[in-house]
Structures are given as structure tokens and as C-alpha cells.
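To start, the structure itself, in C-alpha cells.
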Amino acid sequence: MSRFLWTIAFLSIACLSSGSVQEEPKITLTLPAMSTAQALKQLSNVVHGSFVTSPQTADDVICLRFKDVPLKLAMSRIAEAVDGTWKLEGESYRLIRTSEQARAERSREFAQDVERFRSAIKKIEDELHEMKPWSSAEADSLAKSAASLMKQYQANAATNTWYQSAGKITQMAPMSRVLKQIAVMLDPQELAALPPFYKTVWSSSPTAMQRALPQGFLHVFEKFWRDQAEWAAAIERHHIRDDNSNLGAFWQGGFGDQRGQATGTLTTVLLTATRYSPTSALSFDLSAFDEKGRGMGQYQLTLGSAHDGIAQTLKEAPADDSEPLVTFDGESRELLDAIVPRGQGLHSISPELKNKLATPMEHDPLSFFVSPALIQAAETRKVNMVCCLPDDAIFTSLMGTGSGIRVNQLLSRLSLYQTTCEFKDGWLIGKPTRPSEARTYRASRSVLAAYFQRIGTGQPFSVDELAPYAVTLPDRLANPLPQTVGRFIGSTDSANFSQETLRLYGSLRRSQNKQIAAGGSLISSLTPDQQEIVARMVYGPTSNLQFNLSPTQGRRLGGVSAEYAVYNNALLHEPTVALPDGIPHGATVRLKWNVDNVVSQAGLQDGTMPGRGQMMTAENLAWQQFSQERPDLYPWMTQRDQRVDFTRLQFGQRLSLTFTFDLSTSVFLVHNVEGRATSELQNVSVEDLPEDYKKQYLKAYQNYRKANQGLRPTQTSPPTGSQPPP
């Protein structure tokens with residue numbers, strides 16, 4: 001008989017011999033956030049039994065508080081929190097998650113998204129019903145309001161109230177109305193199925209990479225074009241002009257000067273939807289183009305935020321003095337006290353706490369920020385607790401202020417960070433709102449341990465050191481925990497890059513790297529994962545295609561230069577139009593390396609402050625010194641955070657990587673990564689710089705002095721590569 005079964009039998013016999021009713025063993029145990037595998041080891045020690053995890057449940061993060069809880073009930077609550085099932089294997093109980101349970105999780109999450117978008121579409125329908133029908137009189141009324149509002153506009157002193165009023169007018173304009181009318185035609189199930197990190201495009205003339213706009217949109221758009229003509233005429237009648245206002249969305253397709261809009265025949269309509277992360281709202285953009293590919297109007301709309309309604313819930317859950325107060329003490333308080341307003345960095349924390357944060361396998365990050373508050377909440381309510389926590393929950397306590405937070409506010413705040421916590425039948429039960437998604441984008445604690453310990457050395461990362469973490473850590477938009485906790489430990493990044501580019505570089509094998517750098521490689525020869533990264537770079541939210549267009553092609557786009565035609569809201573700028581059948585089989589990728597000598601301010605995180613944290617070439621350093629010496633010409637150099645201490649510099653090498661994707665004869669894409677070539681830095685003053693670098697710097701410095709000799713302040717402007725005012 002196993003020790004576990006023997007223990008239960010012994011307890012049962014003891015109860016019977018004493019004349020009492022047989023009872024199963026009861027557990028008293030409190031555990032901060034830790035992996036389920038670690039928690040079950042603790043449970044095994046308490047009951048002298050064997051409780052183990054499966055690969056599906058081992059890395060879930062749970063915290064618990066048991067006070068005289070029957071063993072079977074404790075096991076049931078743990079399984080409930082992780083969406084798991086207990087399976088008896090010989091003398092051990094194994095916590096598994098069946099394929100049926102995993103499918104059920106994904107189905108629930110999909111249903112949540114469908115309902116989220118259905119509710120958002122219903123809200124837009126209600127807004128459309130409440131709008132006054134469009135007419136010449138309505139156009140004139142709105143134009144009068146816009147003209148009155150523009151008289152109040154001050155470029156450097158516009159208030160939130162002003163922008164709110166401008167937004168209300170813009171939302172009543174034709175471009176806003178037509179986008180809402182098309183949005184309500186969309187299928188919530190189709191929207192819920194859209195992939196994150198991509199831009200989905202619907203078109204009136206869809207390519208193989210696009211989807212067809214919903215039936216009925218042509219009628220809507222025909223009416224829109226008549227309405228837009230009335231709106232443009234009303235704007236003209238009321239002389240709404242402010243060419244220097246730079247009002248962005250309020251201007252384009254809204255109530256601004258429309259003289260620059262194309263006036264040809266409406267030919268193509270594109271509706272794009274971008275999902276920046278799994279739980280983010282869909283960002284819609286509606287664009288109309290004439291027969292020459294020129295933009296005729298544009299408007300944006302956000303639909304179906306996962307936080308819709310939650311902010312209102314928080315407003316409806318003010319601090320209640322009758323609710324127990326959860327305080328932030330000990331290490332949680334130390335971490336909260338280290339947080340200062342954004343832009344000023346973090347106050348330091350004790351070396352002991354830094355060491356704990358740098359060992360997430362032993363001290364899970366959520367054990368500092370979230371589980372202490374949840375354990376307190378259970379203790380103050382005198383209830384038992386099991387909570388399974390997603391990484392997003394870390395922000396709950398980071399938002400803490402003052403002496404503490406009321407329990408009801410704590411639970412409401414958790415809902416903002418994908419965590420559902422509620423009191424139920426004498427228990428506090430918590431689990432991820434979207435458990436399958438939370439596991440998909442959870443940060444590996446073993447990878448975090450290596451990352452945090454490297455940060456703790458205090459040395460800046462080289463590009464080659466940082467790249468593997470871009471591959472193994474989750475996307476920043478899906479899980480910012482590594483960067484959030486890493487900031488408490490030390491400098492996190494020392495490179496300028498898009499995460500996709502660094503991820504591609506980090507995923508390349510040495511042989512691939514050499515081939516791409518030597519003469520290029522077919523994109524189709526990359527691994528499937530690498531091709532997926534490239535596809536996101538081409539068709540993702542931040543895609544920025546570039547073009548080699550002949551003069552003839554430029555004329556076909558409207559008789560203007562090719563650069564203007566492509567980069568000013570033209571149809572070809574859309575990747576699914578420029579590359580209508582996907583990335584061609586013959587598309588290639590090339591890689592160019594460059595290493596040069598640079599200096600930076602000693603003791604500062606790279607990139608934190610203009611002029612101080614950046615890596616400076618000899619030319620950059622010369623400009624920095626000259627501009628600091630002449631604050632009469634460059635007054636922003638009187639600000640402390642713009643100045644460099646030339647007695648405390650660090651000399652090293654910078655690595656610049658340029659990936660060029662030749663996608664077709666006329667379309668290409670360039671992505672850069674720039675950072676330290678090595679983490680080895682030499683502390684120097686300006687007098688001790690290596691001879692070659694020093695010669696270049698002094699020559700550039702003398703050139704700046706000569707070029708600016710005799711100039712008055714109003715005659716100067718920073719040269720290329722210099723630092724602008726903040």
C-alpha cells in the first residue's frame with residue numbers, strides 16, 4: 001500500500017477507533033504564486049502522497065490558501081482552476097488536461113470574441129439609428145459647428161474638451177457614417193477568427209490576399225459619395241481653413257480642408273482591420289481610391305475592445321469602506337515604491353530583491369505582485385482560495401497606490417488584466433479569462449531566468465545576445481512581463497529594432513546567415529517559422545513597403561512623381577495590392593553587416609535620453625560637444641537630460657544589420673537592427689578616446705565651429721544627425 005493511501009487508511013482507522021465518523025484528511029496550506037508542478041510537490045509533502053502534473057498543466061501558475069480543507073475538495077478546486085482532470089496512475093494522482101478540455105477552452109474563447117464583436121456591432125447600429133438622416137441642411141449645420149470650433153483652436157493649447165468636440169463632429173460626417181454602415185454588415189464570427197499581428201483587408205475588387213466587402217456595400221458607398229460632395233460643399237461655404245493645424249483624423253475625411261483630396265471616379269474601396277494582439281480591439285481603416293489609385297477619403301474606427309464595459313465596471317466599484325483593505329507590504333511595497341512617473345525610470349530596489357526577481361524558477365514574478373494581495377483578500381474574508389494566474393495579472397498590483405486597495409476594487413482591477421476572480425460558495429476562485437490564450441503567450445520561466453540574470457550583470461546586450469531572447473520570449477504585444485519585471489533588475493535592451501526583424505535574425509542558423517549575407521537566399525527556402533516572420537513583416541500592421549517605379553509607372557499613378565503617388569495614401573501602398581498573390585516564390589532576402597566605433601554616456605541605459613543614451617559616431621559626438629558649447633544657438637542644450645558628461649564615456653562598437661527583401665521587380669522592404677556589436681565597453685574620457693576615433697571627432701568638431709562661425713540664433717538649425725529639442 002502506498003504511503004498516501006496508508007495515511008488515509010490510518011486516519012480512517014484512527015477516527016473509527018475513537019468512535020467518530022470517518023473523515024477524509026484536511027489540509028491547511030498557503031502558497032504564493034508558483035508553477036503547478038511546484039505547488040503539487042508542496043501538497044504531496046503535506047499529505048505524504050504523490051501528486052504530479054502532466055506537460056499540459058506543469059507550467060500553469062497558481063496560488064492557494066487552504067484552511068482545514070478536505071483533500072478531495074482541495075483537489076477538485078485545483079483542477080477547476082487550471083481546467084484540468086485528476087487521473088489515478090498507480091500510486092500517484094496526475095493532473096492532466098484532456099484534448100476535449102483544451103478544445104472546450106478554445107471554443108469558449110472564440111465564443112467570447114464572437115459576443116464581443118456582436119455587442120460592438122449592435123452598439124454601432126444603435127448609434128446609426130440615433131443619428132439625424134444626412135441632408136444638405138445637416139451638412140450645413142455640422143459645417144457651422146466645425147467653423148465655430150475652428151475659431152477656438154490654438155495649436156499649442158488645444159484642450160481635451162476641444163478634441164472631444166471635434167471628434168463628435170467628425171463622427172457625424174459621411175466618412176464616419178459609411179464606415180459604421182459597412183461595419184454592421186460584417187459577420188462577428190468572421191471577425192473573431194481574424195489572426196492577431198496581421199492586417200486583414202476587404203476590397204471592392206479583392207485580390208487573392210484580400211476578402212470581398214459585404215454584399216450591399218456598393219449601395220452604401222454610392223450614397224456616401226453624394227453625401228461627401230454635400231459635405232465638401234458645406235465646408236467650402238463656411239471657409240473652414242487651417243493649413244497649419246495638423247489635426248490628422250479630424251481633417252482627413254472629417255471636417256477639414258478637402259482641396260487636396262482626389263476628385264476622380266470612385267474605383268476601389270478598401271477596409272482594413274488590424275489586430276495588434278489576441279485580446280486587442282480591431283482597428284478599422286476605410287479608404288477610397290480613384291481610377292488612378294489616389295486616395296479620396298479615409299476614416300478610422302475601433303471595434304470590440306476586450307476592455308469594453310470593464311472600465312465602466314471599475315467606475316461602478318468605488319472604494320467601499322465596508323470592504324476589507326488589502327495592503328501592499330514588504331517586497332510588494334518595495335516594488336511599488338520603486339515605480340515613479342513614466343519617463344523618469346525606476347528607483348532602485350535592494351540587491352536581495354533583485355536577486356529574487358532574477359530567479360523566476362524559484363520566485364515566480366507573480367508571487368511579488370499579485371498573489372500576496374489575493375492571499376490577503378482570502379484571509380480578510382476568511383475563505384479558502386485557489387487562483388490560476390495569467391502573466392497579464394502582474395499589472396494589477398503595479399497599479400496599486402496609497403495604503404492599499406479594497407477587495408472589491410482588487411477583483412475589478414484583475415478583470416482588466418484577463419483574470420476572473422470571484423467569491424463562490426465560501427471560496428475565492430480565480431482563473432484566466434482566456435486560459436488557452438494565456439498559456440500560448442506565457443513567458444517560459446526558464447528563459448526568463450536566463451534573461452533576467454543576463455540583465456543583472458549591468459552590461460548592455462549585444463545584438464547577438466539579445467536576438468535569441470526575441471525568439472524564445474513571447475511577443476511584447478502579447479506579454480510585456482519580461483520587459484516590465486526586467487526594468488527592476490537592470491537595463492533591458494541596447495538595440496533599435498522591430499521585434500520581428502530581431503526574431504528573424506535570432507532564428508537564422510549559422511549556415512543560413514552566411515548564405516543570406518554572401519549573396520542572398522530565397523525566402524521560400526527559409527523554415528516555415530521564418531517564412532511566417534517574414535509574412536508578418538510584409539502583411540502585418542507596421543508593414544512599410546518601398547518601390548522601384550519607372551517614370552511610366554509614376555505617370556500611370558496620376559501624372560505625379562512615383563514617390564508621391566506611392567507614399568501619399570495611394571492604393572499601391574497597400575501590401576495586398578502591391579503583392580496581390582502573396583510573397584512570390586522567387587522573392588529573396590539579403591543581409592548587410594556594418595560595424596563602426598561609437599561612444600555613449602557611461603552608466604545610462606542605451607536609448608533613454610536624446611544626446612545621452614544613444615550610441616554616437618565621431619560625427620555625432622562632435623555635434624554634441626559643439627551644441628553644448630553654444631546654447632545661444634541651441635537653447636535646448638541647457639536642459640540637463642540633453643547634455644553629455646564628456647569625462648564619463650564608454651567606447652565600443654556598434655553593429656548595424658540591414659535586411660533587404662526583394663519581393664518583386666518593383667517592390668522591396670528594408671528592415672534594420674542596430675545595437676552593440678559586443679557587450680565589452682571601455683570607460684574613457686573625451687581625452688582618452690582611441691586615436692583614429694579621436695581624429696575623426698576633432699575634425700568634425702572643427703568643421704562645425706567653422707560652419708557656424710558668426711551665425712546668430714535665428715539663423716541656425718541642427719544639422720542632419722543632430723539632436724532635436726525635446
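Chain identifiers are assigned as A, B, and so on, following the order in which chains appear in the C-alpha cells; residues are numbered from 1 within each chain, and ligands are numbered from 1 in order of appearance.
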
Range 669-686 of chain A surroundings by only C-alpha atoms, 7 Å radius, close-in-sequence under 5 positions cut, as number ranges by chain: A: 459-463, 494-497, 501-502, 544-546, 646-662

Please write the residues from the selection above to a file, keeping N, CA and C atoms, as a PDB file, in the first residue's frame.
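To be explicit, this is the file written out as out-v1.pdb:
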```pdb
ATOM      1  N   GLN A 459      25.718  44.898 -17.824  1.00  0.00           N
ATOM      2  CA  GLN A 459      26.321  45.162 -19.121  1.00  0.00           C
ATOM      3  C   GLN A 459      25.235  45.235 -20.193  1.00  0.00           C
ATOM      4  N   PRO A 460      25.376  46.157 -21.134  1.00  0.00           N
ATOM      5  CA  PRO A 460      24.381  46.219 -22.216  1.00  0.00           C
ATOM      6  C   PRO A 460      24.451  44.967 -23.080  1.00  0.00           C
ATOM      7  N   PHE A 461      23.311  44.582 -23.627  1.00  0.00           N
ATOM      8  CA  PHE A 461      23.251  43.435 -24.524  1.00  0.00           C
ATOM      9  C   PHE A 461      23.925  43.755 -25.846  1.00  0.00           C
ATOM     10  N   SER A 462      24.611  42.783 -26.390  1.00  0.00           N
ATOM     11  CA  SER A 462      24.979  42.878 -27.800  1.00  0.00           C
ATOM     12  C   SER A 462      23.787  42.386 -28.613  1.00  0.00           C
ATOM     13  N   VAL A 463      23.778  42.711 -29.899  1.00  0.00           N
ATOM     14  CA  VAL A 463      22.692  42.254 -30.770  1.00  0.00           C
ATOM     15  C   VAL A 463      22.616  40.728 -30.778  1.00  0.00           C
ATOM     16  N   SER A 494      19.563  47.178 -25.616  1.00  0.00           N
ATOM     17  CA  SER A 494      20.523  48.172 -26.105  1.00  0.00           C
ATOM     18  C   SER A 494      20.568  48.116 -27.628  1.00  0.00           C
ATOM     19  N   ALA A 495      19.397  47.971 -28.229  1.00  0.00           N
ATOM     20  CA  ALA A 495      19.334  47.911 -29.689  1.00  0.00           C
ATOM     21  C   ALA A 495      18.069  48.592 -30.166  1.00  0.00           C
ATOM     22  N   ASN A 496      18.144  49.144 -31.363  1.00  0.00           N
ATOM     23  CA  ASN A 496      16.968  49.699 -32.020  1.00  0.00           C
ATOM     24  C   ASN A 496      16.540  48.702 -33.092  1.00  0.00           C
ATOM     25  N   PHE A 497      15.290  48.242 -33.008  1.00  0.00           N
ATOM     26  CA  PHE A 497      14.876  47.180 -33.898  1.00  0.00           C
ATOM     27  C   PHE A 497      13.371  47.025 -33.840  1.00  0.00           C
ATOM     28  N   THR A 501      12.109  41.757 -36.861  1.00  0.00           N
ATOM     29  CA  THR A 501      13.414  41.699 -37.515  1.00  0.00           C
ATOM     30  C   THR A 501      14.431  40.998 -36.629  1.00  0.00           C
ATOM     31  N   LEU A 502      14.442  41.352 -35.352  1.00  0.00           N
ATOM     32  CA  LEU A 502      15.385  40.718 -34.438  1.00  0.00           C
ATOM     33  C   LEU A 502      15.049  39.236 -34.270  1.00  0.00           C
ATOM     34  N   ASN A 544       5.873  48.489 -44.251  1.00  0.00           N
ATOM     35  CA  ASN A 544       6.206  49.747 -44.926  1.00  0.00           C
ATOM     36  C   ASN A 544       6.963  49.431 -46.215  1.00  0.00           C
ATOM     37  N   LEU A 545       6.209  49.002 -47.219  1.00  0.00           N
ATOM     38  CA  LEU A 545       6.820  48.622 -48.489  1.00  0.00           C
ATOM     39  C   LEU A 545       7.469  49.829 -49.165  1.00  0.00           C
ATOM     40  N   GLN A 546       8.519  49.533 -49.933  1.00  0.00           N
ATOM     41  CA  GLN A 546       9.169  50.556 -50.746  1.00  0.00           C
ATOM     42  C   GLN A 546       9.152  50.092 -52.200  1.00  0.00           C
ATOM     43  N   PHE A 646      31.415  64.597 -20.823  1.00  0.00           N
ATOM     44  CA  PHE A 646      32.481  64.108 -21.698  1.00  0.00           C
ATOM     45  C   PHE A 646      33.630  63.474 -20.927  1.00  0.00           C
ATOM     46  N   THR A 647      33.564  63.527 -19.606  1.00  0.00           N
ATOM     47  CA  THR A 647      34.586  62.839 -18.806  1.00  0.00           C
ATOM     48  C   THR A 647      34.168  61.406 -18.478  1.00  0.00           C
ATOM     49  N   ARG A 648      32.897  61.046 -18.771  1.00  0.00           N
ATOM     50  CA  ARG A 648      32.382  59.713 -18.443  1.00  0.00           C
ATOM     51  C   ARG A 648      31.720  59.108 -19.680  1.00  0.00           C
ATOM     52  N   LEU A 649      32.567  58.570 -20.556  1.00  0.00           N
ATOM     53  CA  LEU A 649      32.067  57.959 -21.784  1.00  0.00           C
ATOM     54  C   LEU A 649      32.408  56.468 -21.801  1.00  0.00           C
ATOM     55  N   GLN A 650      31.707  55.747 -22.641  1.00  0.00           N
ATOM     56  CA  GLN A 650      32.015  54.343 -22.869  1.00  0.00           C
ATOM     57  C   GLN A 650      32.252  54.143 -24.361  1.00  0.00           C
ATOM     58  N   PHE A 651      33.391  53.573 -24.685  1.00  0.00           N
ATOM     59  CA  PHE A 651      33.766  53.341 -26.075  1.00  0.00           C
ATOM     60  C   PHE A 651      33.527  51.879 -26.421  1.00  0.00           C
ATOM     61  N   GLY A 652      32.928  51.638 -27.593  1.00  0.00           N
ATOM     62  CA  GLY A 652      32.677  50.273 -28.024  1.00  0.00           C
ATOM     63  C   GLY A 652      32.377  50.247 -29.509  1.00  0.00           C
ATOM     64  N   GLN A 653      31.769  49.161 -29.956  1.00  0.00           N
ATOM     65  CA  GLN A 653      31.448  49.017 -31.366  1.00  0.00           C
ATOM     66  C   GLN A 653      29.946  48.808 -31.552  1.00  0.00           C
ATOM     67  N   ARG A 654      29.426  49.350 -32.639  1.00  0.00           N
ATOM     68  CA  ARG A 654      28.014  49.229 -32.994  1.00  0.00           C
ATOM     69  C   ARG A 654      27.880  48.301 -34.193  1.00  0.00           C
ATOM     70  N   LEU A 655      26.899  47.412 -34.096  1.00  0.00           N
ATOM     71  CA  LEU A 655      26.583  46.517 -35.210  1.00  0.00           C
ATOM     72  C   LEU A 655      25.299  46.984 -35.867  1.00  0.00           C
ATOM     73  N   SER A 656      25.356  47.187 -37.157  1.00  0.00           N
ATOM     74  CA  SER A 656      24.163  47.563 -37.925  1.00  0.00           C
ATOM     75  C   SER A 656      23.868  46.458 -38.927  1.00  0.00           C
ATOM     76  N   LEU A 657      22.663  45.925 -38.863  1.00  0.00           N
ATOM     77  CA  LEU A 657      22.217  44.881 -39.778  1.00  0.00           C
ATOM     78  C   LEU A 657      21.119  45.447 -40.666  1.00  0.00           C
ATOM     79  N   THR A 658      21.224  45.239 -41.951  1.00  0.00           N
ATOM     80  CA  THR A 658      20.194  45.688 -42.884  1.00  0.00           C
ATOM     81  C   THR A 658      19.689  44.489 -43.678  1.00  0.00           C
ATOM     82  N   PHE A 659      18.423  44.130 -43.427  1.00  0.00           N
ATOM     83  CA  PHE A 659      17.763  43.088 -44.205  1.00  0.00           C
ATOM     84  C   PHE A 659      17.023  43.752 -45.355  1.00  0.00           C
ATOM     85  N   THR A 660      17.279  43.309 -46.569  1.00  0.00           N
ATOM     86  CA  THR A 660      16.558  43.794 -47.745  1.00  0.00           C
ATOM     87  C   THR A 660      15.792  42.630 -48.355  1.00  0.00           C
ATOM     88  N   PHE A 661      14.487  42.767 -48.428  1.00  0.00           N
ATOM     89  CA  PHE A 661      13.632  41.734 -49.011  1.00  0.00           C
ATOM     90  C   PHE A 661      13.225  42.200 -50.404  1.00  0.00           C
ATOM     91  N   ASP A 662      13.767  41.567 -51.429  1.00  0.00           N
ATOM     92  CA  ASP A 662      13.414  41.886 -52.811  1.00  0.00           C
ATOM     93  C   ASP A 662      12.194  41.042 -53.172  1.00  0.00           C
TER      94      ASP A 662
END
```

From A:Asp425, A:Glu91, A:Glu105, A:Glu323, residue lying nearest Arg381 in chain A [only C-alpha atoms]: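 Going through A:Asp425, A:Glu91, A:Glu105, A:Glu323 one by one, the smallest distance to Arg381 in chain A is for A:Glu323.
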
Give me the range 320-428 of chain A side of the contact with range 273-296 of chain A, cut-off 12 Å, one line per residue showing its nearest atom pair and distance in Å at one decimal, counting only C-alpha atoms, sorted by chain and residue number, as a tab-separated table.
```
residue	atom	partner	partner_atom	distance
A:Asp392	CA	A:Thr279	CA	11.3
A:Leu416	CA	A:Thr279	CA	11.0
A:Tyr417	CA	A:Thr279	CA	10.2
A:Gln418	CA	A:Thr279	CA	8.8
```

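When CA of Pro580 in chain A is paired with CA of Pro196 in chain A, their separation reads 20.5 Å.
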
Option closest in space to Ser99 in chain A, from A:Ser436, A:Gln702, A:Gly490, A:Ala146 [counting only C-alpha atoms]: A:Ser436

Among the residues A:Asn384, A:Ser664, A:Thr472, A:Asn355, the one that comes closest to Arg503 in chain A [using only C-alpha atoms]: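 Comparing A:Asn384, A:Ser664, A:Thr472, A:Asn355 against Arg503 in chain A, the winner is A:Thr472.
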
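In this comparison, which uses only C-alpha atoms, the residue of A:Gln228, A:Gln709, A:Thr665, A:Thr267 approaching Ser136 in chain A most closely is A:Gln228.
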
Among listed residues A:Thr380, A:Thr98, A:Gln189, A:Thr28, nearest Arg116 in chain A (using only C-alpha atoms):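 Looking only at the distances to Arg116 in chain A, the closest residue turns out to be A:Gln189.
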